[in-house]
Amino acid sequence: MAGKAIVVGGSMGGLFAANLLLRAGWDVQVYERVAGGLSDRGAGIVTHGELFDALAAAGVETGGTLGVKVPSRVTYDPQGKIVGEQPYEQILTAWSRLFQGLRQALPEDRYHQGKALAGLRQDGHGVTAVFADGTQAAGDILVGADGIRSTVRGLCMPESVPRYAGYVAWRGLVEESDLSPRARAALMERFAFCLPPNQQMIAYPVAGQGNAMQPGRRRLNFVWYRPADGNGELQRLQTDAQGVCHEQGIAPQLIRPEVLDEVRRAAQETLPPDFAEAIRKTGLLFFQPIYDLASDHMVAGRVALLGDAAFVARPHTGMGVTKAAYDALALAEALRSEGGLARALASYDEQRVRFGIAIVRHSRHMGAYMQARLDSPQEREMARKYRDPVPVMRETAVSLRYLDLGLD
């Protein structure tokens, strides 16, 4: 089975879907809302064997240069003393490096920017996307890969909305060359953790400018999870100097200087010296509110959701990109069947909804420790479990084969 596919969203999930469907014989066009270059905001990405499988299927050549390899994991206490270690070899990459590979695999004439979806209509013969600039695109299926604030989901499944989890992730990148020798030794050769009360800090090396992976030219990526109650603290963090609250997420350059000063002071008071140094020396310190999203369905007629448009698992699982890639793989495989479009999409829906529910549930368990409020006995039980460095190191951002998601 093959036909014309409209992919709404030109980031990771959309590019995986486009490349995989193109290689399956579909006529694919990608429509991305942003007119200029997509911004990664300094994101680091952990990889898994499953992700490499998906990249190969999508025609992306990594050439052994996708990221920095680390051999193990380590947890530090607030004074900087090692309180746990675990071997786990993993390749750590940067958002921009992965995006570049996926983007280069797709022919240029199939990628269109500045195309904000305004509406869609569908019937038994096809689906049409209507864009804000007045243009339209018609196809046999439409893939909604436009992220957590998905316009496609809002049009087709308005009942599915993200739920704030009660904490935020402060993020940044630091040039390895800016770190002290002690901080380099502590943070640049392993995946590092710290677990202050109701908080979690992780840091790991990624490639530097120009995909440089030589020691001294790499970067340190860090994520610091901190509680922020949704009844007031989150709004305060998202309010700019003009008093405007950016409820959908505040741009890094709009975060008030006094908020950044607060965070840097808290790092000095709370975190081991090497982690605090990284936060102090980052050039762009920003935060992202953590959300859960679990949709009841991923298919509505000829429309199929994919990646964060359908399910958002908290970042502790490190599964955002891999989950989107496997959604795209499952969709392409279902559409190869000879049972007709409706049956193929129903098969995709059943398979990936089941997985999405399981990975979101697991990510909620891992994140309970950081929530501003614990409302149920299960949340309190999970918060106790993930205070311990052993399960944190064992389950954070690992391959699916190491997790028991109850899918068997």
# chains A, B, ... in the order shown; residues from 1 in each chain; ligands from 1
$ residues_around --residues "A:Gly134" --least-positions-apart "6" --cutoff "10 Å" --atoms "only C-alpha atoms" --output "ChimeraX atom specification"
/A:115-118
$ residues_around --residues "A:Arg149" --least-positions-apart "2" --cutoff "9 Å" --atoms "only C-alpha atoms" --output "PyMOL selection string"
chain A and resi 146-147+151-154+161-162+248+308-309
$ write_last_selection --atoms "C-alpha atoms" --output "mmCIF file, in the first residue's frame"
data_model
loop_
_atom_site.group_PDB
_atom_site.id
_atom_site.type_symbol
_atom_site.label_atom_id
_atom_site.label_comp_id
_atom_site.auth_asym_id
_atom_site.auth_seq_id
_atom_site.Cartn_x
_atom_site.Cartn_y
_atom_site.Cartn_z
ATOM 1 C CA ASP A 146 3.891 18.645 15.540
ATOM 2 C CA GLY A 147 4.848 18.098 19.166
ATOM 3 C CA THR A 151 -2.386 21.695 16.209
ATOM 4 C CA VAL A 152 -3.335 18.416 14.546
ATOM 5 C CA ARG A 153 -4.285 16.878 17.899
ATOM 6 C CA GLY A 154 -6.193 20.006 18.851
ATOM 7 C CA VAL A 161 -4.331 17.980 26.601
ATOM 8 C CA PRO A 162 -0.966 18.072 28.400
ATOM 9 C CA GLN A 248 3.029 27.988 26.668
ATOM 10 C CA ASP A 308 4.958 13.978 21.384
ATOM 11 C CA ALA A 309 1.797 14.927 19.526
#
$ select_by_dssp --residues "stretch 216-408 of chain A" --states "alpha helix (DSSP H)" --output "count of residues only"
87
$ closest_residue --among "A:Lys4, A:Arg256, A:Phe355, A:Gly230" --to "A:Gln242" --atoms "only C-alpha atoms"
A:Arg256
$ select_by_dssp --residues "stretch 236-381 of chain A" --states "strand (DSSP E or B)" --output "list in words"
Thr239, Cys245, Phe286, Phe287, Gln288, Pro289, Ile290, Tyr291, Asp292, Leu293, Ala294, Val299, Ala300, Val303, Ala304, Leu305, Phe311 and Val312 of chain A
$ residues_around --residues "stretch 104-113 of chain A" --least-positions-apart "4" --cutoff "7 Å" --atoms "only C-alpha atoms" --output "JSON, numbers by chain"
{"A": [19, 28, 29, 30, 31, 32, 33, 34, 35, 59, 60, 100]}
$ residues_around --residues "A:Lys69" --least-positions-apart "2" --cutoff "8 Å" --atoms "only C-alpha atoms" --output "list in words"
Gly67, Pro71, Glu89, Gln90, Ile91 and Leu92 of chain A
$ write_last_selection --atoms "C-alpha atoms" --output "PDB file, in the first residue's frame"
ATOM      1  CA  GLY A  67      28.047  11.400  19.651  1.00  0.00           C
ATOM      2  CA  PRO A  71      31.334   3.780  29.793  1.00  0.00           C
ATOM      3  CA  GLU A  89      28.006   2.162  27.903  1.00  0.00           C
ATOM      4  CA  GLN A  90      26.038   4.738  25.966  1.00  0.00           C
ATOM      5  CA  ILE A  91      26.426   7.260  23.153  1.00  0.00           C
ATOM      6  CA  LEU A  92      25.306  10.793  23.983  1.00  0.00           C
TER       7      LEU A  92
END
$ residues_around --residues "stretch 76-84 of chain A" --least-positions-apart "4" --cutoff "10 Å" --atoms "only C-alpha atoms" --output "list of chain:residue names"
A:Ala186, A:Ala192, A:Phe193, A:Cys194, A:Leu195, A:Pro196, A:Pro197, A:Met201, A:Glu269, A:Thr270, A:Leu271, A:Pro272, A:Pro273, A:Asp274, A:Phe275, A:Asp388, A:Pro389, A:Val390, A:Met393
$ write_last_selection --atoms "C-alpha atoms" --output "PDB file, in the first residue's frame"
ATOM      1  CA  ALA A 186      33.996  14.629  37.466  1.00  0.00           C
ATOM      2  CA  ALA A 192      26.610  11.932  36.232  1.00  0.00           C
ATOM      3  CA  PHE A 193      23.744  12.264  38.736  1.00  0.00           C
ATOM      4  CA  CYS A 194      23.011  14.134  41.957  1.00  0.00           C
ATOM      5  CA  LEU A 195      19.835  13.658  44.028  1.00  0.00           C
ATOM      6  CA  PRO A 196      19.216  16.546  46.425  1.00  0.00           C
ATOM      7  CA  PRO A 197      15.902  16.416  48.334  1.00  0.00           C
ATOM      8  CA  MET A 201      20.583  16.856  38.492  1.00  0.00           C
ATOM      9  CA  GLU A 269      23.736  26.142  47.987  1.00  0.00           C
ATOM     10  CA  THR A 270      22.281  22.785  46.863  1.00  0.00           C
ATOM     11  CA  LEU A 271      24.489  21.045  44.315  1.00  0.00           C
ATOM     12  CA  PRO A 272      28.007  19.613  44.373  1.00  0.00           C
ATOM     13  CA  PRO A 273      30.628  22.240  43.430  1.00  0.00           C
ATOM     14  CA  ASP A 274      31.214  20.806  39.947  1.00  0.00           C
ATOM     15  CA  PHE A 275      27.519  20.861  39.021  1.00  0.00           C
ATOM     16  CA  ASP A 388      17.754   5.766  45.774  1.00  0.00           C
ATOM     17  CA  PRO A 389      20.698   6.168  43.339  1.00  0.00           C
ATOM     18  CA  VAL A 390      20.554   2.492  42.339  1.00  0.00           C
ATOM     19  CA  MET A 393      21.008   4.978  37.537  1.00  0.00           C
TER      20      MET A 393
END
$ closest_residue --among "A:Arg171, A:Arg226, A:His125, A:Lys323" --to "A:Ala145" --atoms "only C-alpha atoms"
A:Lys323
$ atom_distance --atom1 "atom CA of A:Glu61" --atom2 "atom CA of A:Ile202"
28.8 Å
$ residues_around --residues "stretch 362-378 of chain A" --least-positions-apart "6" --cutoff "7 Å" --atoms "only C-alpha atoms" --output "PyMOL selection string"
chain A and resi 165-167+198-199+225-229+313-314+316-317+386-387
$ residues_around --residues "A:Lys281" --least-positions-apart "4" --cutoff "12 Å" --atoms "only C-alpha atoms" --output "list of chain:residue names"
A:Gly172, A:Leu173, A:Val174, A:Glu175, A:Glu176, A:Ser177, A:Asp178, A:Leu179, A:Ser180, A:Ala183, A:Arg219, A:Leu220, A:Asn221, A:Phe222, A:Arg264, A:Ala267, A:Asp274, A:Phe275, A:Ala276, A:Glu277, A:Leu285
$ atom_distance --atom1 "atom CA of A:Asp140" --atom2 "atom CA of A:Ala300"
13.1 Å
$ atom_distance --atom1 "atom CA of A:Ile250" --atom2 "atom CA of A:Tyr291"
14.8 Å
